[in-house]
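Heads up, upload.cif below (mmCIF, C-alpha atoms):
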data_entry
#
loop_
_atom_site.label_atom_id
_atom_site.label_comp_id
_atom_site.auth_asym_id
_atom_site.auth_seq_id
_atom_site.Cartn_x
_atom_site.Cartn_y
_atom_site.Cartn_z
CA MET Q 1 0.00 0.00 0.00
CA ASP Q 2 1.34 3.41 -0.96
CA THR Q 3 1.72 6.18 1.58
CA THR Q 4 -0.91 8.88 1.08
CA PRO Q 5 -0.38 12.59 1.80
CA ASN Q 6 -3.40 12.59 4.09
CA ASP Q 7 -1.87 9.87 6.25
CA LEU Q 8 1.31 11.92 6.64
CA LEU Q 9 -0.65 15.02 7.62
CA VAL Q 10 -2.56 13.00 10.21
CA LEU Q 11 0.77 11.85 11.66
CA LEU Q 12 1.94 15.47 11.73
CA ALA Q 13 -1.14 16.47 13.74
CA VAL Q 14 -0.63 13.62 16.21
CA SER Q 15 3.06 14.54 16.61
CA ARG Q 16 2.05 18.08 17.61
CA THR Q 17 -0.67 17.11 20.07
CA ALA Q 18 0.52 13.70 21.37
CA LYS Q 19 -3.09 12.48 21.41
CA PHE Q 20 -5.35 10.93 18.78
CA THR Q 21 -8.44 12.66 20.19
CA THR Q 22 -6.89 16.15 20.06
CA ALA Q 23 -5.48 15.58 16.58
CA ALA Q 24 -8.88 14.31 15.44
CA HIS Q 25 -10.55 17.47 16.77
CA HIS Q 26 -8.09 19.73 14.94
CA LEU Q 27 -8.49 17.78 11.70
CA GLY Q 28 -12.26 17.41 11.89
CA LEU Q 29 -11.97 13.62 11.98
CA THR Q 30 -13.00 10.91 14.42
CA HIS Q 31 -10.62 9.14 16.77
CA SER Q 32 -11.11 5.88 14.89
CA THR Q 33 -10.30 7.54 11.57
CA VAL Q 34 -7.03 8.92 12.96
CA SER Q 35 -6.18 5.47 14.32
CA ARG Q 36 -6.89 3.85 10.93
CA ARG Q 37 -4.81 6.44 9.08
CA ILE Q 38 -1.85 5.86 11.38
CA ALA Q 39 -2.19 2.09 10.99
CA ALA Q 40 -2.29 2.47 7.20
CA LEU Q 41 0.80 4.68 7.27
CA GLU Q 42 2.71 2.19 9.41
CA LYS Q 43 1.75 -0.63 7.06
CA SER Q 44 2.92 1.29 4.00
CA LEU Q 45 6.19 2.35 5.65
CA GLY Q 46 6.85 -1.07 7.13
CA GLY Q 47 7.33 0.03 10.75
CA ARG Q 48 5.99 1.90 13.75
CA VAL Q 49 5.81 5.67 13.51
CA LEU Q 50 4.45 6.24 17.03
CA ALA Q 51 5.21 4.78 20.45
CA ARG Q 52 3.29 5.23 23.69
CA ALA Q 53 4.82 7.57 26.28
CA ASP Q 54 3.68 8.87 29.67
CA SER Q 55 2.42 12.09 28.10
CA GLY Q 56 0.78 10.49 25.04
CA TRP Q 57 2.20 9.39 21.70
CA GLU Q 58 5.83 10.02 20.77
CA LEU Q 59 7.48 9.72 17.38
CA THR Q 60 9.80 6.82 16.64
CA GLU Q 61 12.86 7.38 14.45
CA LEU Q 62 10.82 6.31 11.43
CA GLY Q 63 8.05 8.65 12.53
CA GLU Q 64 10.47 11.56 12.79
CA ARG Q 65 11.61 10.99 9.21
CA ALA Q 66 7.99 10.80 8.05
CA VAL Q 67 7.14 14.05 9.85
CA VAL Q 68 9.93 15.86 7.99
CA VAL Q 69 8.20 14.93 4.73
CA ALA Q 70 4.80 15.92 6.19
CA GLU Q 71 6.13 19.34 7.17
CA GLN Q 72 7.47 19.87 3.66
CA MET Q 73 4.03 19.01 2.29
CA GLU Q 74 2.36 21.39 4.72
CA ALA Q 75 4.75 24.19 3.77
CA ALA Q 76 4.11 23.57 0.08
CA VAL Q 77 0.34 23.83 0.60
CA HIS Q 78 0.72 27.04 2.61
CA SER Q 79 2.95 28.53 -0.07
CA LEU Q 80 0.03 28.47 -2.52
CA GLY Q 81 -2.06 30.90 -0.49
CA GLU Q 82 -4.72 33.06 -2.01
CA GLN Q 83 -4.15 34.62 -5.38
CA GLY Q 84 -1.89 37.62 -5.10
CA GLN Q 85 -1.06 36.96 -1.42
CA VAL Q 86 2.02 35.47 0.18
CA PRO Q 87 0.89 33.38 3.18
CA ASP Q 88 2.49 34.03 6.57
CA PRO Q 89 4.55 30.98 7.57
CA VAL Q 90 4.38 32.02 11.24
CA ALA Q 91 0.96 30.56 11.88
CA GLY Q 92 -0.69 27.67 13.67
CA VAL Q 93 -0.47 26.50 17.28
CA VAL Q 94 2.71 26.45 19.38
CA ARG Q 95 2.51 24.64 22.72
CA MET Q 96 4.84 25.43 25.62
CA THR Q 97 5.28 25.05 29.35
CA ALA Q 98 6.98 27.52 31.68
CA THR Q 99 6.97 28.61 35.31
CA ASP Q 100 4.24 30.93 36.58
CA GLY Q 101 6.34 34.08 36.74
CA PHE Q 102 8.11 33.55 33.43
CA SER Q 103 4.79 32.83 31.72
CA ALA Q 104 3.20 36.01 33.00
CA TYR Q 105 6.01 38.54 32.73
CA VAL Q 106 8.24 37.24 29.92
CA ALA Q 107 6.32 34.82 27.70
CA SER Q 108 2.99 36.67 27.63
CA PRO Q 109 4.31 40.06 26.44
CA ALA Q 110 6.66 38.31 24.01
CA VAL Q 111 3.79 36.38 22.43
CA ALA Q 112 1.51 39.43 22.40
CA ARG Q 113 4.12 41.44 20.50
CA LEU Q 114 4.73 38.58 18.08
CA ARG Q 115 1.02 38.11 17.38
CA ARG Q 116 0.66 41.73 16.36
CA ARG Q 117 2.87 40.87 13.39
CA HIS Q 118 1.55 37.33 12.89
CA PRO Q 119 -2.18 37.18 13.76
CA GLY Q 120 -2.44 33.59 12.50
CA LEU Q 121 -0.23 32.42 15.39
CA SER Q 122 -1.72 30.85 18.52
CA VAL Q 123 0.35 29.96 21.59
CA GLU Q 124 -0.78 27.65 24.39
CA ILE Q 125 1.09 28.14 27.68
CA VAL Q 126 0.80 25.61 30.51
CA THR Q 127 2.27 26.92 33.78
CA VAL Q 128 4.25 24.34 35.72
CA THR Q 129 7.42 24.28 37.85
CA ARG Q 130 9.25 21.02 37.19
CA GLN Q 131 12.32 19.50 35.61
CA ALA Q 132 12.43 19.12 31.84
CA LEU Q 133 10.57 16.09 30.54
CA GLN Q 134 12.43 13.23 28.93
CA GLN Q 135 9.49 12.65 26.58
CA ARG Q 136 7.77 15.74 25.20
CA SER Q 137 5.23 14.57 22.64
CA GLY Q 138 2.76 17.31 21.84
CA LEU Q 139 4.98 19.95 23.44
CA ASP Q 140 7.09 22.34 21.39
CA ILE Q 141 8.93 24.42 24.02
CA GLU Q 142 9.73 23.97 27.71
CA VAL Q 143 11.14 26.72 29.92
CA VAL Q 144 12.61 25.34 33.14
CA VAL Q 145 14.68 26.51 36.10
CA GLY Q 146 18.15 24.99 36.24
CA GLU Q 147 20.25 23.35 33.54
CA PRO Q 148 18.28 20.39 32.16
CA ARG Q 149 19.62 16.91 31.56
CA VAL Q 150 17.73 15.65 28.54
CA HIS Q 151 18.27 13.34 25.61
CA ARG Q 152 17.02 13.77 22.05
CA ALA Q 153 16.47 17.45 22.76
CA GLU Q 154 18.19 20.80 22.42
CA ALA Q 155 18.74 22.92 25.54
CA VAL Q 156 19.40 26.67 25.30
CA LYS Q 157 20.08 29.01 28.23
CA LEU Q 158 17.77 32.03 28.18
CA GLY Q 159 19.18 34.04 31.08
CA ASP Q 160 19.31 34.36 34.86
CA TYR Q 161 16.92 35.66 37.48
CA GLU Q 162 17.31 36.43 41.18
CA LEU Q 163 15.29 35.54 44.27
CA GLY Q 164 15.41 37.49 47.51
CA LEU Q 165 13.72 37.82 50.89
CA TYR Q 166 10.74 40.18 51.08
CA ALA Q 167 8.26 41.24 53.72
CA ALA Q 168 5.29 43.59 53.74
CA ARG Q 169 5.80 46.98 55.40
CA ASP Q 170 2.82 46.38 57.67
CA TYR Q 171 4.20 42.97 58.64
CA LEU Q 172 7.56 44.48 59.58
CA ALA Q 173 5.85 47.23 61.59
CA ALA Q 174 4.00 44.56 63.58
CA HIS Q 175 6.80 41.99 63.94
CA SER Q 176 9.95 44.17 63.76
CA THR Q 177 12.51 44.12 60.96
CA PRO Q 178 15.22 41.48 61.38
CA THR Q 179 18.67 43.04 61.61
CA SER Q 180 20.61 39.87 60.83
CA VAL Q 181 20.07 36.59 59.01
CA ASP Q 182 20.15 34.81 62.40
CA GLU Q 183 17.06 36.75 63.46
CA LEU Q 184 15.10 35.21 60.59
CA SER Q 185 14.46 32.22 62.86
CA GLU Q 186 11.92 34.44 64.65
CA HIS Q 187 9.92 34.71 61.42
CA ARG Q 188 8.10 32.21 59.24
CA LEU Q 189 8.71 31.51 55.57
CA VAL Q 190 6.38 31.82 52.57
CA TYR Q 191 7.62 29.56 49.77
CA PHE Q 192 7.05 26.31 47.85
CA VAL Q 193 5.58 23.14 49.33
CA ASP Q 194 8.81 21.32 50.10
CA SER Q 195 7.44 17.81 49.57
CA MET Q 196 6.14 18.78 46.12
CA LEU Q 197 9.17 20.75 44.93
CA GLN Q 198 10.50 19.07 41.77
CA VAL Q 199 13.40 21.44 41.01
CA ASP Q 200 16.53 21.01 43.12
CA ASP Q 201 17.80 24.48 42.25
CA LEU Q 202 14.79 26.02 44.03
CA ASP Q 203 15.66 24.40 47.36
CA ALA Q 204 17.79 27.37 48.46
CA PRO Q 205 15.92 28.27 51.71
CA THR Q 206 16.95 25.02 53.39
CA ARG Q 207 20.56 26.03 52.73
CA LEU Q 208 20.37 29.79 53.30
CA PHE Q 209 18.11 29.96 56.38
CA PRO Q 210 17.42 26.42 57.64
CA SER Q 211 16.04 27.61 60.98
CA MET Q 212 12.98 29.28 59.40
CA LYS Q 213 9.75 27.34 59.72
CA ASP Q 214 6.99 27.43 57.13
CA ALA Q 215 4.15 29.90 57.38
CA LEU Q 216 2.29 29.36 54.12
CA THR Q 217 3.44 27.18 51.24
CA SER Q 218 2.10 26.81 47.71
CA THR Q 219 3.02 25.38 44.32
CA ASN Q 220 2.19 28.76 42.73
CA VAL Q 221 4.61 31.68 42.99
CA PHE Q 222 1.80 34.25 42.62
CA VAL Q 223 0.41 32.85 45.90
CA HIS Q 224 3.84 33.41 47.46
CA VAL Q 225 3.80 37.07 46.44
CA GLU Q 226 0.24 37.78 47.55
CA ALA Q 227 0.62 35.88 50.82
CA THR Q 228 3.74 37.91 51.60
CA ARG Q 229 1.92 41.14 50.79
CA ALA Q 230 -0.91 40.04 53.10
CA GLY Q 231 1.53 39.58 55.98
CA ALA Q 232 1.58 35.76 56.17
CA GLY Q 233 5.34 35.80 56.73
CA VAL Q 234 8.63 36.51 54.98
CA GLY Q 235 8.62 35.45 51.35
CA PHE Q 236 11.51 34.15 49.27
CA LEU Q 237 10.40 35.66 45.98
CA PRO Q 238 11.57 36.28 42.42
CA CYS Q 239 12.73 39.88 42.44
CA PHE Q 240 11.12 40.67 39.09
CA MET Q 241 7.74 39.85 40.65
CA ALA Q 242 8.21 41.27 44.14
CA ASP Q 243 9.77 44.55 43.01
CA ARG Q 244 6.52 45.49 41.28
CA HIS Q 245 4.90 46.03 44.68
CA PRO Q 246 5.88 49.11 46.70
CA ASP Q 247 4.33 47.57 49.84
CA LEU Q 248 7.11 44.93 49.88
CA VAL Q 249 10.55 45.57 51.35
CA ARG Q 250 13.55 43.51 50.35
CA LEU Q 251 15.58 42.21 53.29
CA PHE Q 252 19.37 41.85 53.16
CA PRO Q 253 19.65 42.45 49.39
CA ASP Q 254 23.47 42.45 49.55
CA THR Q 255 23.79 39.16 51.41
CA VAL Q 256 20.68 37.09 50.67
CA ALA Q 257 20.31 36.57 46.94
CA GLU Q 258 19.94 33.42 44.88
CA ARG Q 259 20.60 33.63 41.16
CA LEU Q 260 19.12 30.86 39.02
CA PRO Q 261 19.05 30.23 35.26
CA TYR Q 262 16.12 29.84 32.91
CA TRP Q 263 16.69 27.21 30.23
CA MET Q 264 14.65 26.45 27.14
CA VAL Q 265 14.26 22.86 25.90
CA LEU Q 266 13.20 22.01 22.35
CA ARG Q 267 12.76 18.87 20.31
CA PRO Q 268 15.58 18.65 17.72
CA ASP Q 269 13.11 19.09 14.86
CA SER Q 270 11.14 21.98 16.41
CA LEU Q 271 12.98 24.88 14.81
CA ARG Q 272 12.06 23.63 11.35
CA ARG Q 273 8.61 25.09 11.98
CA PRO Q 274 8.69 28.87 11.40
CA ALA Q 275 6.08 29.45 14.12
CA ILE Q 276 8.17 27.69 16.78
CA ALA Q 277 11.36 29.42 15.63
CA ALA Q 278 9.60 32.78 15.87
CA VAL Q 279 8.31 32.10 19.40
CA VAL Q 280 11.76 30.91 20.50
CA GLN Q 281 13.37 34.11 19.22
CA ALA Q 282 10.66 36.25 20.83
CA LEU Q 283 11.29 34.56 24.20
CA ARG Q 284 15.03 35.12 23.90
CA ASP Q 285 14.57 38.78 22.95
CA GLN Q 286 12.11 39.41 25.78
CA THR Q 287 14.38 37.76 28.34
CA VAL Q 288 17.27 39.99 27.29
CA ALA Q 289 15.07 43.10 27.35
CA HIS Q 290 13.76 42.14 30.81
CA GLN Q 291 17.20 41.27 32.24
CA GLU Q 292 17.55 44.19 34.65
CA ALA Q 293 14.24 43.36 36.33
CA LEU Q 294 15.00 39.63 36.34
CA LEU Q 295 18.23 40.30 38.22
CA GLY Q 296 16.54 42.40 40.90
CA ARG Q 297 17.43 45.78 39.50
CA GLY Q 298 13.89 46.67 38.54
CA ARG Q 299 13.08 49.25 41.22
CA LYS Q 300 13.67 52.90 40.55
CA THR Q 301 16.50 54.66 42.32
CA GLY Q 302 15.37 55.91 45.69
CA ASP Q 303 13.04 53.02 46.50
CA THR Q 304 13.39 51.75 50.04
CA ARG Q 305 15.13 48.39 50.12
CA LYS Q 306 16.08 47.68 53.69
#

The structure in this file should be written as structure tokens.
Amino acid sequence: MDTTPNDLLVLLAVSRTAKFTTAAHHLGLTHSTVSRRIAALEKSLGGRVLARADSGWELTELGERAVVVAEQMEAAVHSLGEQGQVPDPVAGVVRMTATDGFSAYVASPAVARLRRRHPGLSVEIVTVTRQALQQRSGLDIEVVVGEPRVHRAEAVKLGDYELGLYAARDYLAAHSTPTSVDELSEHRLVYFVDSMLQVDDLDAPTRLFPSMKDALTSTNVFVHVEATRAGAGVGFLPCFMADRHPDLVRLFPDTVAERLPYWMVLRPDSLRRPAIAAVVQALRDQTVAHQEALLGRGRKTGDTRK
């Protein structure tokens, strides 16, 4: 049986979503039709093009070669466009994961600016704080904290950011401002849920101030910021998020600072898609433009930083 173009395009959709049901929805097909098309493609190619993974379906080596051909077909179709118009290659859906703060303050403005030039582009951002996945079917870009150890993937450092200790002005007025790191033991910490923390690089508080007990913990860094502002305790916060709030005071900025890197992880074939390449470049540009704030230099001169 000969390979049909439709079968290759079905494989391309599955490779981008990792699930038959999602690919079927995007293609306007049924789940069973997608399954039959993949089976027909495997029969014609003489091998498996997909393998089951924890996150869905992942391409085999044969599948990766087939997807290259499918992408060339897709690009050829797009190049036809409407008469007299050159179609925009930066279009379609790009799927990524990133931490809460990066998603809100780096990725979101980067994507918004990019979409003004390429309105056919759609970006899905899932916020999560974890190590890079070893299998990333259906995912185009991951942004993680700490240098990733991955195989069959490309890792690129985006830049660094800094975390520091912050407390609300009202909290300090009620509980007194600590004058030394040793005095932090009299205060409680607002930070991640230790038992659920998946990134070793974020475990700095146990090393920097081990005597502090937890006040309020959460898997979401926006909760850390708002809980600190509400006076729940002393927060260990990303400076680029905390410095936006004049009601927060940074404690010991010269001695208590943790600098961590943001890394971007991509499948080796990802940059062949113009939409993914454009999003990657937009993230890199926005990280560079936002570097001063990321490194805790975002407050205007004259702000009180005790």

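One distance worth recording is that between atom CA of Q:Glu292 and atom CA of Q:Tyr166, which is 18.2 Å.
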
Neighbour list for Q:Val34 as a PyMOL selection string, cut-off 8 Å, all atoms listed in the file, skip fewer than 3 positions in-chain: chain Q and resi 10+20+23-24+29-31+37-38

Writing out the chosen residues with C-alpha atoms as a tab-separated table (two decimals), in the coordinates of the input:
chain	number	residue	atom	x	y	z
Q	10	VAL	CA	-2.56	13.00	10.21
Q	20	PHE	CA	-5.35	10.93	18.78
Q	23	ALA	CA	-5.48	15.58	16.58
Q	24	ALA	CA	-8.88	14.31	15.44
Q	29	LEU	CA	-11.97	13.62	11.98
Q	30	THR	CA	-13.00	10.91	14.42
Q	31	HIS	CA	-10.62	9.14	16.77
Q	37	ARG	CA	-4.81	6.44	9.08
Q	38	ILE	CA	-1.85	5.86	11.38

Spatial sel., origin (13.5, 35.1, 28.1), limit 8 Å, all atoms listed in the file, listed as a PyMOL selection string: chain Q and resi 102+106-107+158-159+262+282-288+290

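Comparing Q:Arg267, Q:Arg48, Q:Arg297, Q:Arg259 by their smallest distance to Q:Leu163, the closest is Q:Arg259 (using all atoms listed in the file).
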
Atomic distance atom CA of Q:Ser218 - atom CA of Q:Tyr191, expressed in Å with one decimal: 6.5 Å

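For the set Q:Gln281, Q:Phe222, Q:Val249, Q:Gly56, the residue with the smallest atom-to-atom gap to Q:Gly101 is Q:Phe222, counting all atoms listed in the file.
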
Best match for closeness to Q:Leu294 among Q:Met196, Q:Leu12, Q:Phe240, Q:Val128, counting all atoms listed in the file: Q:Phe240

Need to verify the contact set: Q:Ala75, 12 Å, all atoms listed in the file, exclusion of same-chain residues closer than 4 positions in sequence. Can you return it as a PDB file with C-alpha atoms, keeping the file's coordinate frame?
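Written out: out.pdb:
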ATOM      1  CA  LEU Q   9      -0.650  15.020   7.620  1.00  0.00           C
ATOM      2  CA  VAL Q  68       9.930  15.860   7.990  1.00  0.00           C
ATOM      3  CA  VAL Q  69       8.200  14.930   4.730  1.00  0.00           C
ATOM      4  CA  ALA Q  70       4.800  15.920   6.190  1.00  0.00           C
ATOM      5  CA  GLU Q  71       6.130  19.340   7.170  1.00  0.00           C
ATOM      6  CA  SER Q  79       2.950  28.530  -0.070  1.00  0.00           C
ATOM      7  CA  LEU Q  80       0.030  28.470  -2.520  1.00  0.00           C
ATOM      8  CA  GLY Q  81      -2.060  30.900  -0.490  1.00  0.00           C
ATOM      9  CA  PRO Q  87       0.890  33.380   3.180  1.00  0.00           C
ATOM     10  CA  ASP Q  88       2.490  34.030   6.570  1.00  0.00           C
ATOM     11  CA  PRO Q  89       4.550  30.980   7.570  1.00  0.00           C
ATOM     12  CA  VAL Q  90       4.380  32.020  11.240  1.00  0.00           C
ATOM     13  CA  ALA Q  91       0.960  30.560  11.880  1.00  0.00           C
ATOM     14  CA  GLY Q  92      -0.690  27.670  13.670  1.00  0.00           C
ATOM     15  CA  ARG Q 272      12.060  23.630  11.350  1.00  0.00           C
ATOM     16  CA  ARG Q 273       8.610  25.090  11.980  1.00  0.00           C
ATOM     17  CA  PRO Q 274       8.690  28.870  11.400  1.00  0.00           C
ATOM     18  CA  ALA Q 275       6.080  29.450  14.120  1.00  0.00           C
TER      19      ALA Q 275
END

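Closest approach to Q:Thr219 among Q:Ala155, Q:Asp100, Q:Leu121, Q:Asp200: Q:Asp100, based on only C-alpha atoms.
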
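Comparing the minimum interatomic distances between Q:Thr177 and each of Q:Leu59, Q:Leu165, Q:Ala242, Q:Ile141, counting all atoms listed in the file, we find that Q:Leu165 sits nearest.
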
Taking all atoms of stretch 253-256 of chain Q that the file lists, what box with edges along x, y and z, padded by 6 Å per side, do you get, with centre and edge lengths in Å to one decimal, as AutoDock Vina command-line options?
--center_x 21.7 --center_y 39.8 --center_z 50.4 --size_x 16.1 --size_y 17.4 --size_z 14.0

d(atom CA of Q:Tyr171, atom CA of Q:Val234) in Å: 8.6 Å
